[in-house]
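Have a look at start01.txt; it's compact mmCIF, C-alpha atoms and all ligand atoms:
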# COMPACT_ATOMS: atom_id res chain seq x y z
CA MET A 580 -144.23 -61.01 141.97
CA ASN A 581 -144.29 -57.28 141.11
CA THR A 582 -141.07 -55.47 140.27
CA ARG A 583 -140.77 -53.82 143.71
CA LEU A 584 -141.04 -57.19 145.50
CA THR A 585 -138.58 -58.81 143.11
CA GLN A 586 -136.09 -56.02 143.84
CA LEU A 587 -136.64 -56.42 147.59
CA ALA A 588 -136.16 -60.21 147.47
CA ALA A 589 -133.02 -59.78 145.38
CA GLY A 590 -131.72 -57.23 147.90
CA VAL A 591 -132.35 -59.56 150.83
CA LEU A 592 -130.65 -62.43 149.02
CA ALA A 593 -127.68 -60.25 148.12
CA THR A 594 -127.36 -59.22 151.77
CA VAL A 595 -127.53 -62.85 152.92
CA PHE A 596 -124.89 -63.90 150.39
CA SER A 597 -122.60 -60.99 151.13
CA VAL A 598 -122.76 -61.76 154.88
CA ALA A 599 -122.15 -65.44 154.22
CA ALA A 600 -119.21 -64.67 151.91
CA GLN A 601 -117.37 -62.63 154.54
CA PRO A 602 -114.79 -64.53 156.55
CA ALA A 603 -115.80 -65.10 160.16
CA ARG A 604 -114.51 -62.29 162.38
CA GLU A 605 -111.36 -63.67 163.98
CA PRO A 606 -110.23 -62.58 167.38
CA ARG A 607 -106.81 -60.91 167.34
CA LEU A 608 -104.21 -63.58 166.68
CA PRO A 609 -101.28 -63.66 169.11
CA ASN A 610 -97.82 -62.61 167.94
CA VAL A 611 -95.26 -65.37 168.16
CA ALA A 612 -91.57 -64.80 167.47
CA ILE A 613 -89.81 -67.81 165.98
CA LEU A 614 -86.11 -67.91 166.83
CA ALA A 615 -84.18 -70.36 164.67
CA THR A 616 -80.92 -71.93 165.78
CA GLY A 617 -80.39 -74.77 163.27
CA GLY A 618 -80.59 -78.53 163.86
CA THR A 619 -82.28 -81.30 161.91
CA ILE A 620 -85.55 -79.36 161.68
CA ALA A 621 -83.56 -77.11 159.33
CA GLY A 622 -81.64 -80.01 157.81
CA THR A 623 -81.58 -81.36 154.27
CA GLY A 624 -80.66 -84.78 152.91
CA ALA A 625 -79.61 -86.14 149.53
CA THR A 626 -82.88 -88.02 148.97
CA SER A 627 -86.36 -88.21 150.47
CA THR A 628 -85.41 -91.40 152.27
CA THR A 629 -82.20 -90.06 153.78
CA THR A 630 -82.72 -90.05 157.55
CA VAL A 631 -79.08 -90.40 158.59
CA GLY A 632 -76.06 -88.75 157.03
CA TYR A 633 -78.02 -85.59 156.11
CA LYS A 634 -76.78 -82.09 156.78
CA ALA A 635 -78.29 -80.29 159.76
CA ALA A 636 -78.81 -76.52 159.89
CA THR A 637 -79.04 -75.64 156.19
CA LEU A 638 -82.52 -74.05 155.81
CA GLY A 639 -83.11 -70.54 157.08
CA VAL A 640 -85.99 -69.47 159.29
CA ASP A 641 -87.95 -68.02 156.34
CA ALA A 642 -87.96 -71.42 154.63
CA LEU A 643 -89.13 -73.12 157.82
CA ILE A 644 -92.02 -70.67 158.13
CA ALA A 645 -92.89 -70.83 154.42
CA ALA A 646 -93.18 -74.63 154.66
CA VAL A 647 -96.06 -74.29 157.13
CA PRO A 648 -98.63 -71.80 155.80
CA GLU A 649 -101.02 -73.12 158.47
CA LEU A 650 -99.06 -71.08 161.02
CA ALA A 651 -101.08 -68.08 159.86
CA ARG A 652 -104.18 -69.69 161.38
CA VAL A 653 -102.78 -69.69 164.90
CA ALA A 654 -100.46 -66.68 165.13
CA HIS A 655 -98.83 -63.75 163.46
CA VAL A 656 -95.31 -65.09 163.23
CA SER A 657 -92.01 -63.32 162.76
CA GLY A 658 -88.74 -65.17 162.12
CA GLU A 659 -85.24 -64.49 163.31
CA GLN A 660 -82.11 -66.53 162.65
CA VAL A 661 -80.20 -66.45 165.92
CA PHE A 662 -77.67 -69.17 165.02
CA GLN A 663 -77.38 -71.74 162.26
CA ILE A 664 -75.66 -74.68 163.94
CA ALA A 665 -76.03 -78.35 164.76
CA SER A 666 -76.80 -78.43 168.45
CA GLU A 667 -73.73 -80.46 169.40
CA ASN A 668 -71.95 -77.15 168.82
CA MET A 669 -74.17 -75.25 171.25
CA THR A 670 -72.16 -73.72 174.11
CA PRO A 671 -73.00 -71.80 177.29
CA GLY A 672 -72.12 -68.66 175.31
CA HIS A 673 -74.94 -69.51 172.88
CA TRP A 674 -77.31 -70.08 175.83
CA LEU A 675 -76.57 -66.61 177.14
CA GLN A 676 -77.09 -64.96 173.76
CA LEU A 677 -80.34 -66.83 173.12
CA ALA A 678 -81.71 -66.16 176.60
CA ARG A 679 -80.98 -62.45 176.28
CA ARG A 680 -82.88 -62.32 173.00
CA VAL A 681 -85.84 -64.24 174.48
CA ASN A 682 -85.99 -61.86 177.45
CA GLU A 683 -85.83 -58.84 175.13
CA LEU A 684 -88.64 -60.15 172.95
CA LEU A 685 -90.90 -61.17 175.83
CA ALA A 686 -90.53 -57.73 177.41
CA ARG A 687 -92.31 -56.27 174.38
CA ASP A 688 -96.08 -55.79 174.46
CA ASP A 689 -96.35 -56.92 170.84
CA VAL A 690 -94.82 -60.37 171.51
CA ASP A 691 -97.09 -62.96 173.13
CA GLY A 692 -94.83 -65.99 172.98
CA VAL A 693 -91.59 -67.39 171.58
CA ALA A 694 -90.95 -70.64 169.72
CA ILE A 695 -87.33 -71.74 169.28
CA THR A 696 -86.24 -74.22 166.64
CA HIS A 697 -83.23 -76.21 167.84
CA GLY A 698 -81.24 -79.34 167.14
CA THR A 699 -82.42 -82.23 169.27
CA ASP A 700 -79.02 -83.35 170.58
CA THR A 701 -78.65 -80.67 173.25
CA LEU A 702 -82.16 -79.23 173.13
CA GLU A 703 -82.94 -80.31 176.67
CA GLU A 704 -79.93 -78.39 178.06
CA THR A 705 -80.88 -75.15 176.31
CA ALA A 706 -84.50 -75.63 177.41
CA TYR A 707 -83.54 -76.03 181.08
CA PHE A 708 -81.16 -73.07 180.95
CA LEU A 709 -83.95 -70.89 179.57
CA ASP A 710 -86.37 -72.30 182.14
CA LEU A 711 -84.06 -70.95 184.85
CA VAL A 712 -83.27 -67.53 183.37
CA VAL A 713 -86.25 -66.33 181.31
CA LYS A 714 -87.96 -63.63 183.34
CA ARG A 715 -91.51 -63.68 181.97
CA SER A 716 -94.50 -65.95 182.25
CA LYS A 717 -95.29 -65.74 178.53
CA PRO A 718 -94.91 -69.11 176.78
CA VAL A 719 -91.49 -70.20 175.53
CA VAL A 720 -91.46 -73.44 173.52
CA LEU A 721 -88.51 -75.34 172.08
CA VAL A 722 -89.02 -77.56 169.07
CA GLY A 723 -86.89 -79.75 166.85
CA ALA A 724 -87.30 -82.64 164.46
CA MET A 725 -85.82 -86.09 164.09
CA ARG A 726 -86.15 -86.21 160.32
CA PRO A 727 -84.62 -83.60 158.00
CA SER A 728 -86.96 -81.32 156.09
CA THR A 729 -86.40 -83.23 152.84
CA SER A 730 -87.48 -86.62 154.15
CA LEU A 731 -90.74 -88.47 153.61
CA SER A 732 -93.04 -87.76 156.56
CA ALA A 733 -90.71 -85.11 157.92
CA ASP A 734 -91.83 -84.33 161.48
CA GLY A 735 -90.55 -80.74 161.48
CA PRO A 736 -93.58 -78.98 159.93
CA MET A 737 -96.18 -80.47 162.30
CA ASN A 738 -93.84 -80.01 165.26
CA LEU A 739 -93.35 -76.35 164.32
CA TYR A 740 -97.09 -75.84 163.89
CA ASN A 741 -97.77 -77.32 167.33
CA ALA A 742 -94.95 -75.36 168.95
CA VAL A 743 -96.22 -72.06 167.56
CA ALA A 744 -99.81 -72.93 168.49
CA LEU A 745 -98.60 -73.70 172.01
CA ALA A 746 -96.55 -70.49 172.23
CA ALA A 747 -99.67 -68.61 171.09
CA SER A 748 -101.93 -70.20 173.68
CA PRO A 749 -102.77 -68.17 176.81
CA ASP A 750 -103.20 -71.52 178.56
CA ALA A 751 -99.45 -72.14 178.16
CA ALA A 752 -98.43 -69.08 180.16
CA GLY A 753 -96.77 -69.54 183.54
CA ARG A 754 -95.88 -73.19 182.99
CA GLY A 755 -92.14 -72.71 182.51
CA VAL A 756 -90.22 -73.38 179.33
CA MET A 757 -91.66 -76.31 177.39
CA VAL A 758 -90.56 -78.72 174.69
CA CYS A 759 -93.22 -79.60 172.12
CA MET A 760 -92.56 -82.47 169.74
CA ASN A 761 -94.47 -85.50 168.50
CA ASP A 762 -97.74 -83.98 169.82
CA GLN A 763 -96.47 -84.00 173.42
CA ILE A 764 -95.74 -81.07 175.72
CA ASN A 765 -92.93 -81.68 178.20
CA ALA A 766 -91.40 -79.55 180.94
CA ALA A 767 -87.86 -78.32 180.21
CA ARG A 768 -86.60 -79.63 183.53
CA ASP A 769 -87.97 -83.14 183.12
CA VAL A 770 -87.62 -83.88 179.42
CA THR A 771 -84.76 -85.83 177.88
CA LYS A 772 -83.88 -87.32 174.53
CA THR A 773 -84.44 -91.04 175.04
CA ASN A 774 -83.81 -92.51 171.60
CA THR A 775 -81.20 -91.70 168.97
CA ALA A 776 -83.58 -91.98 166.05
CA THR A 777 -87.30 -92.27 166.71
CA LEU A 778 -89.85 -89.48 166.50
CA ASP A 779 -91.11 -90.04 170.06
CA THR A 780 -87.63 -89.53 171.49
CA PHE A 781 -88.45 -86.58 173.81
CA ARG A 782 -89.94 -87.93 176.99
CA ALA A 783 -90.06 -87.39 180.71
CA PRO A 784 -89.90 -91.11 181.50
CA GLU A 785 -90.69 -90.94 185.21
CA LEU A 786 -92.81 -87.83 185.53
CA GLY A 787 -94.66 -87.90 182.23
CA PRO A 788 -95.66 -85.09 179.86
CA LEU A 789 -97.34 -81.89 180.96
CA GLY A 790 -99.91 -82.34 178.24
CA VAL A 791 -100.67 -83.02 174.61
CA MET A 792 -101.43 -81.08 171.44
CA GLU A 793 -104.54 -81.99 169.50
CA SER A 794 -105.44 -80.17 166.29
CA GLY A 795 -103.31 -77.23 167.39
CA HIS A 796 -104.78 -76.94 170.90
CA PRO A 797 -102.98 -77.80 174.11
CA THR A 798 -104.53 -79.89 176.85
CA PHE A 799 -102.60 -79.85 180.12
CA TYR A 800 -102.73 -82.65 182.69
CA ARG A 801 -100.09 -81.64 185.21
CA THR A 802 -97.80 -78.84 186.20
CA THR A 803 -94.25 -78.80 187.48
CA THR A 804 -93.73 -78.10 191.18
CA ARG A 805 -90.18 -76.79 190.73
CA LEU A 806 -89.58 -73.05 190.52
CA HIS A 807 -88.83 -71.64 187.10
CA THR A 808 -88.59 -68.46 184.99
CA SER A 809 -89.46 -65.33 186.99
CA ALA A 810 -89.49 -67.30 190.28
CA THR A 811 -85.77 -68.12 190.12
CA GLU A 812 -82.92 -66.05 191.57
CA PHE A 813 -80.80 -66.16 188.43
CA ASP A 814 -80.06 -62.95 186.58
CA ILE A 815 -77.99 -63.19 183.43
CA GLY A 816 -78.10 -59.42 182.89
CA PRO A 817 -74.60 -58.61 184.14
CA ILE A 818 -72.98 -61.94 183.15
CA GLN A 819 -70.44 -61.93 180.33
CA GLU A 820 -69.21 -65.49 180.70
CA LEU A 821 -70.68 -68.42 182.62
CA PRO A 822 -68.57 -70.40 185.09
CA LYS A 823 -66.90 -73.44 183.60
CA VAL A 824 -68.44 -76.72 184.81
CA GLY A 825 -67.56 -80.20 183.56
CA ILE A 826 -69.16 -83.65 183.72
CA VAL A 827 -67.13 -86.76 184.50
CA LEU A 828 -68.62 -90.15 183.64
CA ALA A 829 -67.95 -93.08 185.95
CA TYR A 830 -67.42 -96.56 184.49
CA ALA A 831 -65.63 -99.70 185.60
CA GLY A 832 -61.99 -98.72 185.93
CA SER A 833 -62.54 -95.02 185.20
CA GLY A 834 -60.09 -94.00 187.93
CA ARG A 835 -59.35 -90.31 188.43
CA VAL A 836 -57.74 -89.17 185.17
CA ALA A 837 -60.78 -87.25 183.88
CA ILE A 838 -61.38 -85.58 187.25
CA ASP A 839 -57.76 -84.44 187.48
CA ALA A 840 -57.93 -83.16 183.91
CA MET A 841 -61.04 -81.11 184.75
CA VAL A 842 -59.30 -79.59 187.75
CA ALA A 843 -56.23 -78.79 185.63
CA ALA A 844 -58.51 -77.16 183.05
CA GLY A 845 -59.74 -74.71 185.68
CA VAL A 846 -63.36 -75.76 186.15
CA ARG A 847 -65.29 -74.23 189.06
CA GLY A 848 -67.64 -77.17 189.31
CA ILE A 849 -67.68 -80.90 188.53
CA VAL A 850 -70.77 -83.03 188.05
CA HIS A 851 -69.85 -86.63 188.71
CA ALA A 852 -72.11 -88.94 186.70
CA GLY A 853 -71.62 -91.82 189.11
CA THR A 854 -72.77 -95.38 188.99
CA GLY A 855 -76.00 -96.49 190.70
CA ASN A 856 -77.22 -94.00 193.30
CA GLY A 857 -74.32 -91.67 192.53
CA SER A 858 -71.67 -93.94 194.03
CA LEU A 859 -67.99 -93.01 193.88
CA SER A 860 -65.07 -95.35 193.28
CA THR A 861 -62.21 -95.05 195.77
CA ASP A 862 -60.07 -93.26 193.16
CA ALA A 863 -62.85 -90.92 192.08
CA LYS A 864 -63.65 -90.07 195.69
CA ALA A 865 -60.03 -89.20 196.45
CA ALA A 866 -59.78 -87.00 193.35
CA LEU A 867 -63.08 -85.26 194.11
CA VAL A 868 -62.07 -84.60 197.71
CA GLU A 869 -58.89 -82.98 196.37
CA ALA A 870 -60.93 -80.95 193.90
CA ARG A 871 -63.22 -79.78 196.70
CA SER A 872 -60.23 -78.74 198.80
CA LYS A 873 -59.33 -76.40 195.92
CA GLY A 874 -62.77 -74.77 196.07
CA ILE A 875 -64.35 -76.72 193.21
CA VAL A 876 -68.00 -77.55 193.86
CA VAL A 877 -68.77 -81.25 193.40
CA VAL A 878 -72.25 -82.49 192.51
CA ARG A 879 -73.02 -86.20 192.71
CA ALA A 880 -75.36 -87.24 189.89
CA SER A 881 -75.92 -90.64 188.34
CA ARG A 882 -75.42 -92.17 184.93
CA VAL A 883 -78.61 -94.20 185.55
CA PRO A 884 -81.46 -92.59 183.57
CA GLY A 885 -84.07 -92.76 186.35
CA GLY A 886 -84.34 -92.11 190.08
CA THR A 887 -82.83 -89.68 192.54
CA VAL A 888 -79.38 -89.39 194.01
CA ALA A 889 -80.02 -89.24 197.75
CA ARG A 890 -78.03 -86.80 199.88
CA ASN A 891 -75.79 -88.71 202.33
CA GLY A 892 -76.73 -91.98 200.65
CA GLU A 893 -73.88 -93.56 198.69
CA ALA A 894 -71.51 -90.88 200.00
CA ASP A 895 -71.40 -88.78 203.15
CA ASP A 896 -72.14 -85.47 201.47
CA ASP A 897 -72.20 -83.59 204.78
CA ALA A 898 -68.67 -84.71 205.61
CA LEU A 899 -67.33 -84.39 202.06
CA ASP A 900 -69.09 -81.06 201.46
CA PHE A 901 -70.60 -82.39 198.21
CA VAL A 902 -74.01 -81.68 196.68
CA ALA A 903 -76.54 -84.36 195.60
CA ALA A 904 -78.23 -83.89 192.23
CA ASP A 905 -81.73 -85.04 193.22
CA ASN A 906 -83.28 -86.48 190.04
CA LEU A 907 -81.49 -84.23 187.55
CA SER A 908 -79.53 -85.96 184.81
CA PRO A 909 -75.82 -85.10 184.72
CA GLN A 910 -76.35 -82.70 181.81
CA LYS A 911 -79.22 -80.91 183.58
CA ALA A 912 -77.27 -80.87 186.86
CA ARG A 913 -74.46 -79.15 184.98
CA VAL A 914 -76.84 -76.44 183.75
CA LEU A 915 -78.08 -75.79 187.28
CA LEU A 916 -74.61 -75.88 188.82
CA THR A 917 -73.37 -73.43 186.18
CA LEU A 918 -76.09 -70.95 187.14
CA ALA A 919 -75.75 -71.68 190.86
CA LEU A 920 -72.08 -70.67 190.67
CA THR A 921 -73.10 -67.26 189.33
CA ARG A 922 -74.75 -66.67 192.73
CA THR A 923 -72.65 -68.47 195.31
CA ALA A 924 -69.98 -71.10 195.99
CA ASP A 925 -71.65 -72.13 199.25
CA THR A 926 -72.57 -75.81 198.96
CA HIS A 927 -75.50 -75.56 201.39
CA GLU A 928 -77.05 -72.85 199.31
CA ILE A 929 -76.37 -74.80 196.14
CA GLN A 930 -77.94 -77.92 197.65
CA GLY A 931 -81.01 -75.79 198.35
CA MET A 932 -81.13 -74.80 194.68
CA PHE A 933 -81.08 -78.46 193.69
CA ARG A 934 -84.19 -78.90 195.84
CA ARG A 935 -85.97 -75.82 194.51
CA TYR A 936 -85.30 -75.90 190.76
C1 LIG B 1 -78.67 -81.43 166.14
O1 LIG B 1 -78.86 -81.64 167.33
O2 LIG B 1 -78.45 -80.29 165.70
C2 LIG B 1 -78.68 -82.55 165.15
C3 LIG B 1 -79.64 -83.61 165.48
C4 LIG B 1 -81.05 -83.17 165.48
O3 LIG B 1 -81.42 -82.02 165.41
O4 LIG B 1 -81.90 -84.11 165.57

Represent the structure from my file as structure tokens, please.
Amino acid sequence: MNTRLTQLAAGVLATVFSVAAQPAREPRLPNVAILATGGTIAGTGATSTTTVGYKAATLGVDALIAAVPELARVAHVSGEQVFQIASENMTPGHWLQLARRVNELLARDDVDGVAITHGTDTLEETAYFLDLVVKRSKPVVLVGAMRPSTSLSADGPMNLYNAVALAASPDAAGRGVMVCMNDQINAARDVTKTNTATLDTFRAPELGPLGVMESGHPTFYRTTTRLHTSATEFDIGPIQELPKVGIVLAYAGSGRVAIDAMVAAGVRGIVHAGTGNGSLSTDAKAALVEARSKGIVVVRASRVPGGTVARNGEADDDALDFVAADNLSPQKARVLLTLALTRTADTHEIQGMFRRY
């Protein structure tokens, strides 16, 4: 080969190698804001085998992000520590603050989705509250962990990766607020914590998951039929404090003490977690009728984990002027009743909300 040809061949080879060495051109990655609130996902234990008796809410959002460098493959993430608490200490005041921040972030053109790290104990309540008050269709995903960050096979890092990947996915838009843990995607309204300890605790036992995460990609199988996010009538903008609503659990011999105490405490609504199909003992019924006569809105729910509470079934709701909770758990019924009371005290309208949301 003469010198000219050798130079040409070398040039071609160099071009081939330099093209091959360049990283593939990536489409613009979405921007996902991670809002951290504490919980076990940010928890630390004394040893790598400590899975009970650890301390929740000790690691900050930067540490959570740093533990999952793979996040950079699916999104540009930013972190913000909104609270640093175990979720049993979450209150309606926290819900309001968090929801305001989510709405602010989603209103920005440079935010494509939000992932929220949260303790698992009350995660489903926060998720449903956000589902009813977030005013955008961009994805909002709640995520937690059952094992603290220091444990062997901690579930937090993979859960966070999946949650961010889901929040970054255009396919996740318009589906309402979601919970993503243990590779499953569940609707905020339907999901509940079903087990005190296992990694597959978040389930929607009767309705099933919306979809699954595989290698950081969501696949959806169903969609919720209940209205959510921008389709709801709830506006937290002007609200400083949410109406006080309590839950009373029925059990053999429960009587009326807890109901009377709620009334004395000044609640505006009571969710009665009744037995069976929302049945009321004679004492409970008398106390709830009294409560209603004072303007307190009464919702009949059930302590049974599955099924609906039928209107005018175990109690004559029309005559008593009570509301039936449909298939919402007592804790989810409380979230909806709290928001309903920001709009109206009319029980017919509130019953309509329990059918719509
Ligand atoms: C909590 O809810 O903050 C503690 C429990 C957990 O996150 O699993």

Closest contacts (chain A/ligand LIG 1 (chain B), max 9 Å, only C-alpha atoms and all ligand atoms) as JSON lines:
{"residue": "A:Thr616", "atom": "CA", "partner": "B:LIG1", "partner_atom": "O2", "distance": 8.7}
{"residue": "A:Gly617", "atom": "CA", "partner": "B:LIG1", "partner_atom": "O2", "distance": 6.3}
{"residue": "A:Gly618", "atom": "CA", "partner": "B:LIG1", "partner_atom": "O2", "distance": 3.3}
{"residue": "A:Thr619", "atom": "CA", "partner": "B:LIG1", "partner_atom": "O3", "distance": 3.7}
{"residue": "A:Ile620", "atom": "CA", "partner": "B:LIG1", "partner_atom": "O3", "distance": 6.2}
{"residue": "A:Ala621", "atom": "CA", "partner": "B:LIG1", "partner_atom": "O3", "distance": 8.1}
{"residue": "A:Gly622", "atom": "CA", "partner": "B:LIG1", "partner_atom": "O3", "distance": 7.9}
{"residue": "A:Lys634", "atom": "CA", "partner": "B:LIG1", "partner_atom": "C2", "distance": 8.6}
{"residue": "A:Ala635", "atom": "CA", "partner": "B:LIG1", "partner_atom": "C2", "distance": 5.9}
{"residue": "A:Ala636", "atom": "CA", "partner": "B:LIG1", "partner_atom": "O2", "distance": 6.9}
{"residue": "A:Ile664", "atom": "CA", "partner": "B:LIG1", "partner_atom": "O2", "distance": 6.5}
{"residue": "A:Ala665", "atom": "CA", "partner": "B:LIG1", "partner_atom": "O2", "distance": 3.2}
{"residue": "A:Ser666", "atom": "CA", "partner": "B:LIG1", "partner_atom": "O2", "distance": 3.7}
{"residue": "A:Glu667", "atom": "CA", "partner": "B:LIG1", "partner_atom": "O1", "distance": 5.7}
{"residue": "A:Asn668", "atom": "CA", "partner": "B:LIG1", "partner_atom": "O2", "distance": 7.9}
{"residue": "A:Met669", "atom": "CA", "partner": "B:LIG1", "partner_atom": "O2", "distance": 8.6}
{"residue": "A:His697", "atom": "CA", "partner": "B:LIG1", "partner_atom": "O3", "distance": 6.6}
{"residue": "A:Gly698", "atom": "CA", "partner": "B:LIG1", "partner_atom": "O3", "distance": 3.2}
{"residue": "A:Thr699", "atom": "CA", "partner": "B:LIG1", "partner_atom": "O3", "distance": 4.0}
{"residue": "A:Asp700", "atom": "CA", "partner": "B:LIG1", "partner_atom": "O1", "distance": 3.7}
{"residue": "A:Thr701", "atom": "CA", "partner": "B:LIG1", "partner_atom": "O1", "distance": 6.0}
{"residue": "A:Leu702", "atom": "CA", "partner": "B:LIG1", "partner_atom": "O1", "distance": 7.1}
{"residue": "A:Gly723", "atom": "CA", "partner": "B:LIG1", "partner_atom": "O3", "distance": 6.1}
{"residue": "A:Ala724", "atom": "CA", "partner": "B:LIG1", "partner_atom": "O4", "distance": 5.7}
{"residue": "A:Met725", "atom": "CA", "partner": "B:LIG1", "partner_atom": "O4", "distance": 4.6}
{"residue": "A:Arg726", "atom": "CA", "partner": "B:LIG1", "partner_atom": "O4", "distance": 7.1}
{"residue": "A:Pro727", "atom": "CA", "partner": "B:LIG1", "partner_atom": "O4", "distance": 8.1}
{"residue": "A:Thr775", "atom": "CA", "partner": "B:LIG1", "partner_atom": "O4", "distance": 8.3}
{"residue": "A:Ala776", "atom": "CA", "partner": "B:LIG1", "partner_atom": "O4", "distance": 8.1}

| query | Which protein, DNA or RNA residues have an atom at most 10 Å from (-89.8, -79.3, 182.4), counting all atoms listed in the file? List them as a count of residues only. | reply | 27

| field | Shortest interatomic distance to Thr777 in chain A - which of A:Val631, A:Ile838, A:Ala904, A:Val888, counting only C-alpha atoms | value |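 Residue with the minimum atom-to-atom distance to Thr777 in chain A: A:Val631.
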
| task | Could you tell me how far CA of Ser732 in chain A lies from CA of Gly632 in chain A, in Å and to one decimal? | result | 17.0 Å

| task | May I ask for the distance between CA of Tyr740 in chain A and CA of Asn682 in chain A, given in Å to one decimal place? | result |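 Answer for the CA of Tyr740 in chain A to CA of Asn682 in chain A separation: 22.4 Å.
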